[in-house]
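What's in entry.txt: compact mmCIF, C-alpha atoms
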```txt
# COMPACT_ATOMS: atom_id res chain seq x y z
CA MET A 806 32.88 -27.09 -3.85
CA ASN A 807 29.29 -28.10 -3.13
CA PHE A 808 26.40 -27.67 -5.58
CA GLY A 809 23.70 -27.98 -2.92
CA LYS A 810 20.98 -30.61 -2.87
CA GLU A 811 19.18 -32.52 -5.57
CA SER A 812 15.61 -31.42 -6.19
CA GLU A 813 12.66 -32.04 -8.47
CA ILE A 814 14.46 -30.08 -11.23
CA LEU A 815 18.11 -30.88 -10.44
CA GLU A 816 19.91 -34.26 -10.64
CA PHE A 817 23.55 -35.16 -9.80
CA LYS A 818 25.44 -38.03 -11.43
CA GLU A 819 29.01 -39.06 -10.59
CA SER A 820 29.84 -39.70 -14.24
CA THR A 821 28.35 -40.47 -17.64
CA SER A 822 28.52 -44.17 -16.71
CA GLU A 823 25.12 -43.39 -15.14
CA LEU A 824 23.77 -42.05 -18.42
CA HIS A 825 20.80 -44.44 -18.53
CA GLN A 826 19.54 -43.26 -15.13
CA ALA A 827 20.18 -39.64 -16.13
CA ILE A 828 18.02 -40.04 -19.25
CA GLU A 829 15.22 -41.42 -17.08
CA SER A 830 15.54 -38.41 -14.77
CA ILE A 831 15.32 -36.02 -17.72
CA GLY A 832 12.08 -37.65 -18.87
CA ALA A 833 10.63 -37.63 -15.35
CA ILE A 834 11.56 -33.98 -14.73
CA LEU A 835 10.12 -32.90 -18.07
CA ASN A 836 6.82 -34.58 -17.24
CA LYS A 837 6.65 -32.85 -13.86
CA HIS A 838 8.09 -29.38 -14.51
CA GLY A 839 8.95 -29.01 -18.20
CA TYR A 840 12.56 -27.95 -17.52
CA GLY A 841 15.54 -28.97 -15.41
CA LYS A 842 19.25 -29.69 -15.18
CA VAL A 843 21.56 -32.69 -14.78
CA LEU A 844 25.20 -32.36 -13.62
CA PHE A 845 27.70 -35.13 -14.41
CA GLY A 846 30.78 -35.22 -12.18
CA VAL A 847 29.00 -34.45 -8.90
CA PHE A 848 28.37 -36.78 -5.94
CA ASP A 849 24.82 -37.32 -4.63
CA ASN A 850 25.57 -35.03 -1.67
CA GLY A 851 26.48 -32.16 -4.04
CA GLU A 852 30.25 -32.38 -3.62
CA LEU A 853 32.38 -31.82 -6.70
CA LYS A 854 33.95 -35.01 -8.10
CA GLY A 855 34.82 -34.21 -11.71
CA GLN A 856 35.32 -36.62 -14.57
CA VAL A 857 37.46 -37.06 -17.66
CA ILE A 858 35.58 -35.58 -20.62
CA SER A 859 36.41 -36.14 -24.28
CA ASP A 860 34.66 -35.05 -27.44
CA SER A 861 33.17 -38.54 -27.75
CA THR A 862 31.79 -38.25 -24.20
CA ILE A 863 29.82 -35.14 -25.16
CA ARG A 864 28.76 -36.68 -28.47
CA ASN A 865 27.50 -39.93 -26.91
CA LEU A 866 25.62 -38.00 -24.23
CA THR A 867 23.93 -35.70 -26.74
CA ASP A 868 23.09 -38.56 -29.11
CA SER A 869 21.44 -40.52 -26.31
CA ILE A 870 19.25 -37.59 -25.25
CA LEU A 871 18.19 -36.98 -28.86
CA ARG A 872 17.52 -40.68 -29.45
CA ASP A 873 16.03 -41.94 -26.18
CA ILE A 874 13.74 -39.05 -25.14
CA GLU A 875 10.44 -38.79 -27.04
CA PRO A 876 9.26 -36.35 -28.27
CA ARG A 877 12.72 -35.05 -29.13
CA ILE A 878 14.23 -32.21 -27.12
CA ILE A 879 17.32 -30.13 -27.89
CA PRO A 880 19.41 -29.84 -24.68
CA THR A 881 22.19 -27.40 -23.87
CA VAL A 882 25.35 -29.40 -23.03
CA GLU A 883 28.33 -27.54 -21.54
CA ARG A 884 31.78 -28.51 -20.23
CA ILE A 885 32.53 -26.43 -17.13
CA VAL A 886 35.68 -26.32 -15.00
CA TYR A 887 35.46 -25.91 -11.21
CA GLU A 888 38.58 -26.06 -9.04
CA SER A 889 40.57 -27.61 -11.92
CA LYS A 890 37.94 -30.36 -12.34
CA GLU A 891 35.59 -30.72 -15.30
CA ILE A 892 31.88 -31.46 -15.12
CA ILE A 893 29.13 -31.65 -17.73
CA GLU A 894 26.04 -29.48 -17.25
CA VAL A 895 22.95 -30.50 -19.21
CA SER A 896 20.08 -27.98 -19.26
CA PHE A 897 16.80 -28.89 -20.93
CA TYR A 898 13.19 -27.88 -21.36
CA GLY A 899 10.21 -29.09 -23.36
CA ASN A 900 6.61 -28.09 -23.92
CA HIS A 901 5.19 -31.24 -25.53
CA ARG A 902 4.38 -33.54 -22.61
CA PRO A 903 4.17 -36.43 -21.97
CA TYR A 904 7.80 -37.46 -22.54
CA SER A 905 9.05 -41.04 -22.57
CA ALA A 906 12.54 -42.25 -21.67
CA PHE A 907 13.45 -45.56 -23.35
CA GLY A 908 9.74 -45.96 -24.09
CA ARG A 909 8.66 -45.55 -20.43
CA PHE A 910 6.71 -42.68 -18.91
CA LEU A 911 8.13 -41.50 -15.57
CA ILE A 912 7.30 -38.68 -13.19
CA ARG A 913 9.58 -36.84 -10.75
CA VAL A 914 8.60 -37.08 -7.07
CA GLY A 915 11.08 -35.33 -4.80
CA THR A 916 14.46 -36.64 -5.96
CA GLN A 917 13.09 -39.96 -7.21
CA ASN A 918 11.63 -41.08 -10.53
CA ARG A 919 8.62 -43.41 -10.58
CA HIS A 920 6.43 -44.91 -13.25
CA MET A 921 3.27 -42.99 -14.10
CA THR A 922 0.00 -44.81 -13.61
CA ARG A 923 -2.46 -45.11 -16.48
CA ASN A 924 -4.75 -42.47 -14.92
CA GLU A 925 -1.83 -40.09 -14.32
CA LEU A 926 -0.77 -40.43 -17.96
CA ILE A 927 -4.31 -39.80 -19.23
CA LYS A 928 -4.64 -36.76 -16.97
CA LEU A 929 -1.29 -35.37 -18.13
CA ILE A 930 -2.28 -35.73 -21.78
CA LYS A 931 -5.57 -33.92 -21.16
CA GLU A 932 -3.88 -31.14 -19.21
CA GLU A 933 -1.21 -30.70 -21.88
CA ASP A 934 -3.89 -30.37 -24.54
CA TYR A 935 -5.22 -27.38 -22.57
CA SER A 936 -2.19 -25.95 -20.80
CA ASN A 937 0.54 -23.72 -22.18
CA SER A 938 4.12 -24.23 -20.97
CA TRP A 939 5.26 -21.06 -22.77
CA GLU A 940 5.12 -19.30 -19.41
CA LYS A 941 8.10 -21.35 -18.17
CA GLU A 942 10.41 -20.40 -21.01
CA LYS A 943 13.17 -17.78 -20.78
CA SER A 944 11.99 -14.24 -21.45
CA SER A 945 13.91 -11.46 -23.14
CA ILE A 946 13.95 -9.22 -20.05
CA ALA A 947 16.32 -8.92 -17.09
CA ILE A 948 15.39 -8.73 -13.42
CA GLU A 949 15.81 -4.94 -13.59
CA ASP A 950 12.85 -4.86 -15.98
CA ILE A 951 10.45 -6.12 -13.29
CA ASP A 952 8.12 -3.40 -11.93
CA ASP A 953 9.31 -3.02 -8.33
CA ASP A 954 6.26 -1.03 -7.26
CA ALA A 955 3.84 -3.67 -8.54
CA LEU A 956 5.89 -6.52 -7.06
CA LYS A 957 6.12 -4.83 -3.64
CA GLU A 958 2.36 -4.25 -3.61
CA TYR A 959 1.83 -7.89 -4.52
CA TYR A 960 4.20 -8.99 -1.71
CA GLY A 961 2.18 -7.04 0.87
CA GLU A 962 -1.11 -8.54 -0.32
CA ALA A 963 0.23 -12.11 -0.42
CA VAL A 964 1.77 -11.89 3.06
CA ASN A 965 -1.33 -10.27 4.56
CA CYS A 966 -3.64 -13.00 3.28
CA GLY A 967 -1.37 -15.74 4.66
CA ARG A 968 -0.38 -17.38 1.37
CA LEU A 969 3.24 -16.25 1.30
CA ALA A 970 5.81 -16.91 4.02
CA LEU A 971 8.64 -14.42 3.46
CA ASP A 972 9.78 -12.31 6.42
CA LYS A 973 10.88 -9.30 4.41
CA TYR A 974 10.72 -8.17 0.82
CA ASP A 975 13.57 -9.52 -1.27
CA LYS A 976 13.06 -9.20 -5.03
CA GLU A 977 15.14 -12.17 -6.18
CA GLN A 978 13.96 -14.45 -3.39
CA LEU A 979 10.30 -13.56 -3.97
CA LEU A 980 10.56 -14.17 -7.72
CA THR A 981 12.30 -17.50 -7.04
CA ILE A 982 9.59 -18.61 -4.60
CA LEU A 983 6.95 -17.70 -7.19
CA ASP A 984 8.74 -19.87 -9.79
CA LEU A 985 9.46 -16.78 -11.92
CA PHE A 986 13.26 -16.61 -11.63
CA HIS A 987 15.85 -19.41 -11.96
CA ASN A 988 19.62 -19.20 -12.19
CA GLY A 989 19.57 -15.53 -13.12
CA VAL A 990 16.88 -16.02 -15.77
CA ILE A 991 13.45 -14.35 -15.78
CA ASN A 992 10.75 -16.48 -17.42
CA ASN A 993 7.83 -15.37 -19.57
CA ALA A 994 5.35 -15.64 -16.69
CA ALA A 995 7.33 -13.08 -14.67
CA ASN A 996 7.38 -10.68 -17.61
CA ILE A 997 3.64 -10.71 -18.27
CA LEU A 998 2.77 -10.66 -14.56
CA PHE A 999 5.11 -7.87 -13.39
CA GLY A 1000 7.27 -6.72 -16.30
CA LYS A 1001 7.72 -3.01 -17.03
CA LYS A 1002 7.80 -3.85 -20.74
CA ALA A 1003 4.86 -6.27 -20.72
CA ASN A 1004 2.62 -5.62 -23.69
CA ILE A 1005 -0.62 -7.39 -22.77
CA SER A 1006 -3.64 -5.49 -24.15
CA LEU A 1007 -6.85 -4.68 -22.32
CA LYS A 1008 -9.61 -3.26 -24.50
CA LEU A 1009 -12.21 -1.23 -22.59
CA ALA A 1010 -15.45 -0.20 -24.32
CA CYS A 1011 -18.95 1.08 -23.60
CA PHE A 1012 -21.64 0.70 -26.27
CA ALA A 1013 -24.87 2.58 -26.94
CA THR A 1014 -26.83 -0.64 -27.59
CA ASP A 1015 -26.47 -4.33 -26.82
CA SER A 1016 -24.71 -4.90 -30.15
CA LYS A 1017 -21.09 -3.91 -30.80
CA ILE A 1018 -21.86 -1.21 -33.32
CA THR A 1019 -21.85 2.26 -31.76
CA PHE A 1020 -19.49 2.82 -28.86
CA THR A 1021 -19.66 5.72 -26.42
CA ASP A 1022 -16.21 5.12 -24.96
CA LEU A 1023 -13.28 3.09 -26.23
CA LYS A 1024 -9.65 2.75 -25.21
CA VAL A 1025 -6.90 0.16 -25.19
CA ILE A 1026 -4.29 0.04 -22.45
CA LYS A 1027 -1.17 -2.11 -22.34
CA GLY A 1028 0.88 -3.38 -19.45
CA ASN A 1029 1.39 -6.33 -17.12
CA ILE A 1030 -1.33 -8.56 -15.68
CA TYR A 1031 -1.06 -7.22 -12.13
CA ASN A 1032 -1.69 -3.61 -13.15
CA LEU A 1033 -4.26 -4.40 -15.86
CA ILE A 1034 -6.51 -6.29 -13.45
CA ARG A 1035 -6.73 -3.17 -11.29
CA GLU A 1036 -7.37 -0.91 -14.29
CA GLY A 1037 -10.08 -3.24 -15.54
CA MET A 1038 -11.89 -3.23 -12.19
CA ILE A 1039 -11.74 0.57 -11.97
CA TYR A 1040 -13.18 0.93 -15.48
CA ILE A 1041 -16.08 -1.42 -14.77
CA LEU A 1042 -16.93 0.27 -11.47
CA ASN A 1043 -16.88 3.65 -13.19
CA HIS A 1044 -19.38 2.54 -15.84
CA ILE A 1045 -21.95 0.32 -14.15
CA ASN A 1046 -24.90 1.40 -12.02
CA TRP A 1047 -25.11 1.54 -8.24
CA ASP A 1048 -28.04 0.94 -5.92
CA ILE A 1049 -28.39 3.75 -3.41
CA GLU A 1050 -29.97 3.21 0.02
CA ILE A 1051 -30.63 6.39 2.00
CA GLY A 1052 -30.75 5.92 5.75
CA LEU A 1053 -28.64 7.01 8.66
CA VAL A 1054 -25.69 6.15 6.43
CA ARG A 1055 -25.78 6.43 2.64
CA LYS A 1056 -25.02 3.00 1.21
CA GLU A 1057 -23.98 2.43 -2.40
CA THR A 1058 -23.91 -1.09 -3.85
CA PRO A 1059 -22.83 -2.03 -7.39
CA GLU A 1060 -25.52 -3.66 -9.51
CA ILE A 1061 -23.25 -6.70 -10.08
CA PRO A 1062 -21.37 -8.07 -7.03
CA LEU A 1063 -17.72 -6.97 -7.00
CA ARG A 1064 -16.63 -10.45 -5.98
CA ALA A 1065 -18.27 -11.96 -9.06
CA ILE A 1066 -16.81 -9.37 -11.44
CA ARG A 1067 -13.33 -9.74 -10.00
CA GLU A 1068 -13.46 -13.53 -10.17
CA ILE A 1069 -14.32 -13.54 -13.88
CA LEU A 1070 -11.90 -10.75 -14.79
CA ILE A 1071 -8.99 -12.49 -13.06
CA ASN A 1072 -10.05 -15.81 -14.57
CA ALA A 1073 -9.73 -14.20 -18.02
CA PHE A 1074 -6.12 -13.20 -17.34
CA ALA A 1075 -5.24 -16.48 -15.59
CA HIS A 1076 -6.43 -18.68 -18.46
CA ALA A 1077 -5.64 -16.58 -21.53
CA ILE A 1078 -3.26 -17.81 -24.23
CA TYR A 1079 -0.15 -15.60 -24.05
CA ASN A 1080 1.69 -16.75 -27.13
CA PRO A 1081 0.96 -14.73 -29.21
CA THR A 1082 0.23 -11.64 -27.08
CA PRO A 1083 -3.51 -11.56 -26.28
CA GLU A 1084 -6.10 -8.82 -25.95
CA ILE A 1085 -8.59 -9.17 -23.09
CA GLU A 1086 -11.86 -7.30 -23.64
CA ILE A 1087 -14.35 -5.64 -21.29
CA ASN A 1088 -17.51 -4.64 -23.14
CA ILE A 1089 -20.23 -2.73 -21.26
CA HIS A 1090 -23.67 -2.55 -22.90
CA PRO A 1091 -26.96 -1.12 -21.55
CA ASN A 1092 -28.18 -4.58 -20.52
CA LYS A 1093 -25.05 -6.66 -20.18
CA LEU A 1094 -21.37 -6.73 -19.19
CA THR A 1095 -19.20 -9.11 -21.21
CA ILE A 1096 -15.62 -10.14 -20.46
CA PHE A 1097 -13.76 -11.83 -23.30
CA ASN A 1098 -10.78 -14.11 -22.81
CA PRO A 1099 -8.82 -15.13 -25.95
CA GLY A 1100 -8.35 -18.64 -24.61
CA SER A 1101 -11.02 -21.27 -25.14
CA PHE A 1102 -12.70 -23.09 -22.23
CA PRO A 1103 -11.64 -26.76 -21.70
CA ASP A 1104 -13.29 -28.96 -24.32
CA GLY A 1105 -16.54 -30.57 -23.26
CA LEU A 1106 -16.91 -28.47 -20.09
CA THR A 1107 -18.87 -25.38 -19.07
CA PRO A 1108 -18.78 -23.19 -15.94
CA ASN A 1109 -21.80 -25.11 -14.66
CA ASP A 1110 -19.72 -28.31 -14.58
CA PHE A 1111 -17.37 -26.66 -12.06
CA ILE A 1112 -20.34 -25.30 -10.09
CA GLU A 1113 -22.33 -28.52 -9.89
CA LYS A 1114 -19.71 -31.29 -10.00
CA ASP A 1115 -16.94 -29.87 -7.78
CA LEU A 1116 -14.34 -30.38 -10.53
CA SER A 1117 -10.72 -29.44 -9.87
CA SER A 1118 -9.29 -26.48 -11.72
CA ILE A 1119 -7.79 -27.19 -15.14
CA LYS A 1120 -4.74 -24.97 -15.47
CA ARG A 1121 -3.67 -23.45 -18.79
CA ASN A 1122 -1.06 -21.25 -17.06
CA PRO A 1123 -0.22 -22.96 -13.75
CA ILE A 1124 2.53 -20.49 -12.75
CA ILE A 1125 0.36 -17.43 -13.39
CA LEU A 1126 -2.56 -19.07 -11.60
CA ASP A 1127 -0.38 -19.89 -8.59
CA VAL A 1128 0.94 -16.31 -8.36
CA LEU A 1129 -2.59 -14.83 -8.45
CA TYR A 1130 -3.75 -17.43 -5.92
CA ARG A 1131 -1.08 -16.39 -3.43
CA CYS A 1132 -2.47 -12.87 -3.19
CA LYS A 1133 -5.99 -14.31 -2.83
CA ASP A 1134 -7.08 -13.00 -6.21
CA VAL A 1135 -8.28 -16.38 -7.43
CA GLU A 1136 -8.87 -19.92 -6.16
CA LYS A 1137 -6.84 -22.83 -7.59
CA SER A 1138 -9.26 -25.54 -6.52
CA GLY A 1139 -11.85 -24.83 -9.22
CA THR A 1140 -14.30 -23.17 -6.79
CA GLY A 1141 -14.10 -19.74 -8.44
CA PHE A 1142 -17.18 -20.25 -10.61
CA LYS A 1143 -19.14 -21.54 -7.64
CA ARG A 1144 -18.26 -18.48 -5.56
CA MET A 1145 -19.15 -16.24 -8.49
CA ASN A 1146 -22.49 -18.00 -8.95
CA ASP A 1147 -23.30 -17.79 -5.23
CA SER A 1148 -22.61 -14.03 -5.23
CA CYS A 1149 -24.81 -13.50 -8.30
CA SER A 1150 -27.64 -15.64 -6.89
CA GLU A 1151 -27.73 -13.53 -3.73
CA LYS A 1152 -28.31 -10.41 -5.88
CA ASN A 1153 -30.58 -12.13 -8.42
CA ILE A 1154 -28.07 -11.56 -11.23
CA SER A 1155 -28.16 -13.98 -14.16
CA TRP A 1156 -25.20 -14.83 -16.36
CA SER A 1157 -24.25 -16.84 -19.42
CA SER A 1158 -21.14 -18.01 -21.24
CA GLU A 1159 -20.09 -18.99 -24.73
CA ASN A 1160 -17.04 -20.96 -25.84
CA THR A 1161 -15.96 -20.15 -29.41
CA ALA A 1162 -13.03 -20.84 -31.69
CA TYR A 1163 -11.78 -17.33 -30.93
CA GLY A 1164 -12.06 -17.43 -27.15
CA PHE A 1165 -14.38 -17.54 -24.15
CA TYR A 1166 -17.15 -14.98 -23.53
CA PHE A 1167 -18.66 -14.53 -20.07
CA THR A 1168 -21.70 -12.24 -19.73
CA PHE A 1169 -23.39 -10.72 -16.67
CA ASN A 1170 -26.95 -9.56 -17.35
CA ARG A 1171 -27.31 -6.07 -15.88
CA LYS A 1172 -30.12 -4.80 -13.71
CA THR A 1173 -32.31 -2.13 -15.27
CA ASN A 1174 -34.32 -1.13 -12.17
CA VAL A 1175 -31.61 0.47 -10.05
CA THR A 1176 -31.14 4.04 -8.91
CA ALA A 1177 -28.17 5.00 -11.00
CA PHE A 1178 -25.15 6.56 -9.36
CA VAL A 1179 -22.87 7.20 -12.28
CA THR A 1180 -20.29 9.93 -12.84
CA PRO A 1181 -17.22 9.78 -15.07
CA ASN A 1182 -14.90 9.25 -12.10
CA VAL A 1183 -16.96 7.20 -9.65
CA THR A 1184 -14.80 4.47 -8.11
CA ALA A 1185 -15.84 2.36 -5.13
CA PHE A 1186 -13.54 2.29 -2.14
CA SER A 1187 -13.54 -1.47 -2.49
CA SER A 1188 -11.50 -0.96 -5.68
CA LEU A 1189 -8.63 0.48 -3.64
CA ASN A 1190 -5.86 -1.94 -2.88
CA LYS A 1191 -4.31 -2.12 0.58
CA ILE A 1192 -1.52 0.42 -0.08
CA GLU A 1193 -3.87 2.95 -1.71
CA GLN A 1194 -6.19 2.69 1.28
CA GLU A 1195 -3.24 3.21 3.66
CA VAL A 1196 -2.19 6.36 1.80
CA PHE A 1197 -5.75 7.72 1.78
CA ASP A 1198 -6.13 7.05 5.52
CA LEU A 1199 -2.87 8.87 6.30
CA ILE A 1200 -3.97 11.91 4.29
CA GLU A 1201 -7.46 11.87 5.77
CA ASN A 1202 -5.96 11.91 9.28
CA ASN A 1203 -3.32 14.53 8.47
CA PRO A 1204 -4.05 16.72 5.40
CA LYS A 1205 -0.64 18.44 5.74
CA ILE A 1206 1.37 15.23 5.47
CA THR A 1207 3.99 15.27 2.69
CA ARG A 1208 4.67 12.56 0.13
CA LYS A 1209 8.08 12.00 1.73
CA GLU A 1210 6.45 11.44 5.13
CA ILE A 1211 3.92 9.05 3.59
CA ALA A 1212 6.73 7.12 1.87
CA MET A 1213 8.56 6.70 5.20
CA LYS A 1214 5.42 5.51 7.00
CA ILE A 1215 4.46 2.87 4.43
CA ASN A 1216 8.05 1.92 3.52
CA LYS A 1217 7.68 2.81 -0.16
CA THR A 1218 9.49 5.14 -2.54
CA ILE A 1219 8.34 8.73 -3.07
CA ARG A 1220 7.73 7.80 -6.70
CA THR A 1221 5.30 5.09 -5.59
CA VAL A 1222 3.47 7.54 -3.33
CA GLN A 1223 3.31 10.06 -6.19
CA ARG A 1224 1.68 7.44 -8.40
CA ILE A 1225 -0.84 6.50 -5.70
CA THR A 1226 -1.82 10.09 -4.88
CA ASP A 1227 -2.21 10.82 -8.59
CA LYS A 1228 -4.67 7.94 -8.82
CA LEU A 1229 -6.62 9.20 -5.80
CA VAL A 1230 -6.81 12.65 -7.40
CA ASP A 1231 -8.01 11.11 -10.68
CA LYS A 1232 -10.74 9.30 -8.76
CA LYS A 1233 -11.97 12.63 -7.35
CA MET A 1234 -11.19 11.51 -3.82
CA LEU A 1235 -8.49 14.14 -3.16
CA ILE A 1236 -7.29 17.48 -4.43
CA ARG A 1237 -3.99 19.22 -3.76
CA VAL A 1238 -4.27 22.79 -2.52
CA GLY A 1239 -1.17 24.99 -2.84
CA SER A 1240 2.38 24.00 -3.68
CA ASN A 1241 4.05 20.66 -3.00
CA GLN A 1242 6.19 22.27 -0.30
CA TYR A 1243 3.63 24.41 1.53
CA GLY A 1244 0.28 23.08 0.38
CA TYR A 1245 -2.10 20.55 1.89
CA TRP A 1246 -4.54 17.84 0.88
CA GLU A 1247 -8.28 18.27 0.80
CA VAL A 1248 -10.38 15.11 1.05
CA ILE A 1249 -13.44 15.46 -1.16
CA LYS A 1250 -14.80 11.93 -0.78
CA LYS A 1251 -14.94 10.41 2.69
CA THR A 1252 -14.55 6.75 3.50
CA ARG A 1253 -17.91 5.05 3.86
CA SER A 1254 -19.02 4.00 7.31
```

Go through the file and emit its structure as structure tokens.
Amino acid sequence: MNFGKESEILEFKESTSELHQAIESIGAILNKHGYGKVLFGVFDNGELKGQVISDSTIRNLTDSILRDIEPRIIPTVERIVYESKEIIEVSFYGNHRPYSAFGRFLIRVGTQNRHMTRNELIKLIKEEDYSNSWEKEKSSIAIEDIDDDALKEYYGEAVNCGRLALDKYDKEQLLTILDLFHNGVINNAANILFGKKANISLKLACFATDSKITFTDLKVIKGNIYNLIREGMIYILNHINWDIEIGLVRKETPEIPLRAIREILINAFAHAIYNPTPEIEINIHPNKLTIFNPGSFPDGLTPNDFIEKDLSSIKRNPIILDVLYRCKDVEKSGTGFKRMNDSCSEKNISWSSENTAYGFYFTFNRKTNVTAFVTPNVTAFSSLNKIEQEVFDLIENNPKITRKEIAMKINKTIRTVQRITDKLVDKKMLIRVGSNQYGYWEVIKKTRS
């Protein structure tokens, strides 16, 4: 039997005679990834060797891990039989970096462990003060609880923007690549990003004045990050003003650049604290739009520091940030605030931010001298994702096309198509005339030129 190859989270040892080196590997892996596994009784090439295991062997191994790794971790130690040979499997995780092994701080690089430099150790301590390794821990859901429709839409976006190399959609493989699924276990990041049972809250409100006293619209929706980002964008676009230019082609432009809004909204989800479950807020006032993230900004820094000093991104939720980056929703390099600021400067939009003990507030100051184009269901075409646009285009070209035919053309389920067409109807872009079997679609809002 062969267990594959060693990696940055997997180490093989021929026996517990190599316990000292194994303890060093555990410390190094924890500092790099926060979780991992060591197998005793396996050759370096992954071939099964086996070893004689007694109760004292398990006890000495466990005692050493508890004694020689600081801060203390509680590993899972199991005796497993393969082909009549016993091995010891040690699984571990920790969320209190940095970890020392025998008083030394190591980091995993490939399949090797090396000493951390002073600067690396200082950086790790600073990042750990800000970051949250809760996202790596095992969730309570199974892979069947992942929203297939949302994950498939994400796959298409990530492949199209060139940040995901996967020839065809494979649920388990995609989740593994995204660091969301390991050894049959779904982690917390997967649940809040794509879970059917995710319970993240998004509070959406419009107020009559610039204070939070009298609201004209208020609702709270719950779900996963991927779907809530879309719902948040639709709500904002439905409730802000639009500049209208009348010429050969009617042109409608939102008062605040879409790119800037999207950057800040996604930033709120990417850097929120998810343990306990958070509530993101979008508050629309007559003269301002505020997005609240219940996760404080890094101590001693402001958005202007990232704009002016070209600082690298500081990651509270590195897995979530990486997943959103792959579908081009956000930049990992720390340039997001600069791109937001550039977009606002082009439109003469000012903004401000405030870091409080309760979270981070980002405010766009709204224009008051625009020609308003506001109806309860106005949604810009730019708010459509790629699949929604494909469905709309198919209907616009063939109003008699059925949902089954659409599903076959875009390689989705009929249920997915039903959900998409329902959204297009809600946005007043389509209506259904007649029955499902003999009716047809009527396009009531054409694509802009």

- Of A:Val990, A:Gly809, A:Lys837, A:Ala1010, the one nearest to Glu925 in chain A when counting all atoms listed in the file is A:Lys837

- Message: I'd like the interatomic distance between CA of Asn1216 in chain A and CA of Ala963 in chain A, to a tenth of an Å.
- Response: 16.5 Å

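Each of A:Glu1086, A:Glu1036, A:Asp1227, A:Asp849 was checked against Ala1073 in chain A using only C-alpha atoms; the smallest atom-to-atom distance is that of A:Glu1086.
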
- Item | Closest of A:Ser1157, A:Ser1150, A:Asn1080, A:Asn850 to Arg1121 in chain A - atom-to-atom distances counting only C-alpha atoms | A:Asn1080

- What is the CA of Ser830 in chain A-CA of Asn924 in chain A distance in Å, reported with one decimal?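 Here the two named atoms are 20.7 Å from each other.
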
- Item | Test item: residues at most 12 Å from range 885-892 of chain A, all atoms listed in the file, excluding those fewer than 3 positions along its chain, as a ChimeraX atom specification | /A:806-808,817-821,843-848,852-859,862-863,882,895

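Taking CA of Lys928 in chain A as the reference point, CA of Val914 in chain A is found at 16.5 Å.
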
- Between A:Pro1108, A:Gly915, A:Gly1141, A:Pro1099, which one has atoms that come closest to Gly1164 in chain A, using only C-alpha atoms?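 Checking each candidate against Gly1164 in chain A, we get A:Pro1099 as the closest.
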
Can you tell me, as AutoDock Vina command-line options, the centre and edge lengths (Å, one decimal) of the axis-aligned box enclosing all of range 1078-1097 of chain A's listed atoms after padding each side by 6 Å?
```
--center_x -13.2 --center_y -9.5 --center_z -24.2 --size_x 41.9 --size_y 28.7 --size_z 22.0
```

- Message: My list of candidates is A:Ser869, A:Ser822, A:Ser861, A:Thr1140. Which is closest to Ile1069 in chain A when distances are computed with all atoms listed in the file?
- Response: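 Of all the options, A:Thr1140 lies closest to Ile1069 in chain A.
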
- Query: Could you name the residues that touch range 1064-1066 of chain A at 9 Å or less, counting all atoms listed in the file, but leaving out those on the same chain fewer than 5 positions away, as a list in words?
  - Reply: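 Surrounding residues, per the criterion: Met1038, Ile1041, Ile1071, Gly1141, Phe1142, Arg1144, Met1145, Asn1146, Asp1147, Ser1148, Cys1149 and Phe1169 of chain A.
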
Contacts of range 952-1007 of chain A with range 1208-1215 of chain A up to 12 Å, shortest pair per row, only C-alpha atoms, as a Markdown table:
```
| residue | atom | partner | partner_atom | distance |
| --- | --- | --- | --- | --- |
| A:Lys957 | CA | A:Ile1215 | CA | 11.3 |
| A:Glu958 | CA | A:Ile1215 | CA | 10.9 |
| A:Gly961 | CA | A:Ile1215 | CA | 10.8 |
```

- Message: Counting only C-alpha atoms, which residues sit no farther than 10 Å from the position (20.5, -36.7, -16.3) in the file's frame? I'd like them as a ChimeraX atom specification.
- Response: /A:815-818,821,823-834,841-845,866,870,894-897

- Measuring atom to atom with all atoms listed in the file, identify which of A:Glu940, A:Glu977, A:Asp1015, A:Asp1048 is nearest to Ile997 in chain A.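 Comparing A:Glu940, A:Glu977, A:Asp1015, A:Asp1048 against Ile997 in chain A, the winner is A:Glu940.
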
- Message: I want to know what sits within 8 Å of Asn1004 in chain A, based on only C-alpha atoms, with residues of the same chain fewer than 4 positions away left out; could you give that as a ChimeraX atom specification?
- Response: /A:997,1027-1029,1082

- For Asn993 in chain A: contacts at 10 Å, only C-alpha atoms, fewer than 6 positions along chain excluded, given as a PyMOL selection string: chain A and resi 938-946+985-986+1000+1003+1079-1080+1125
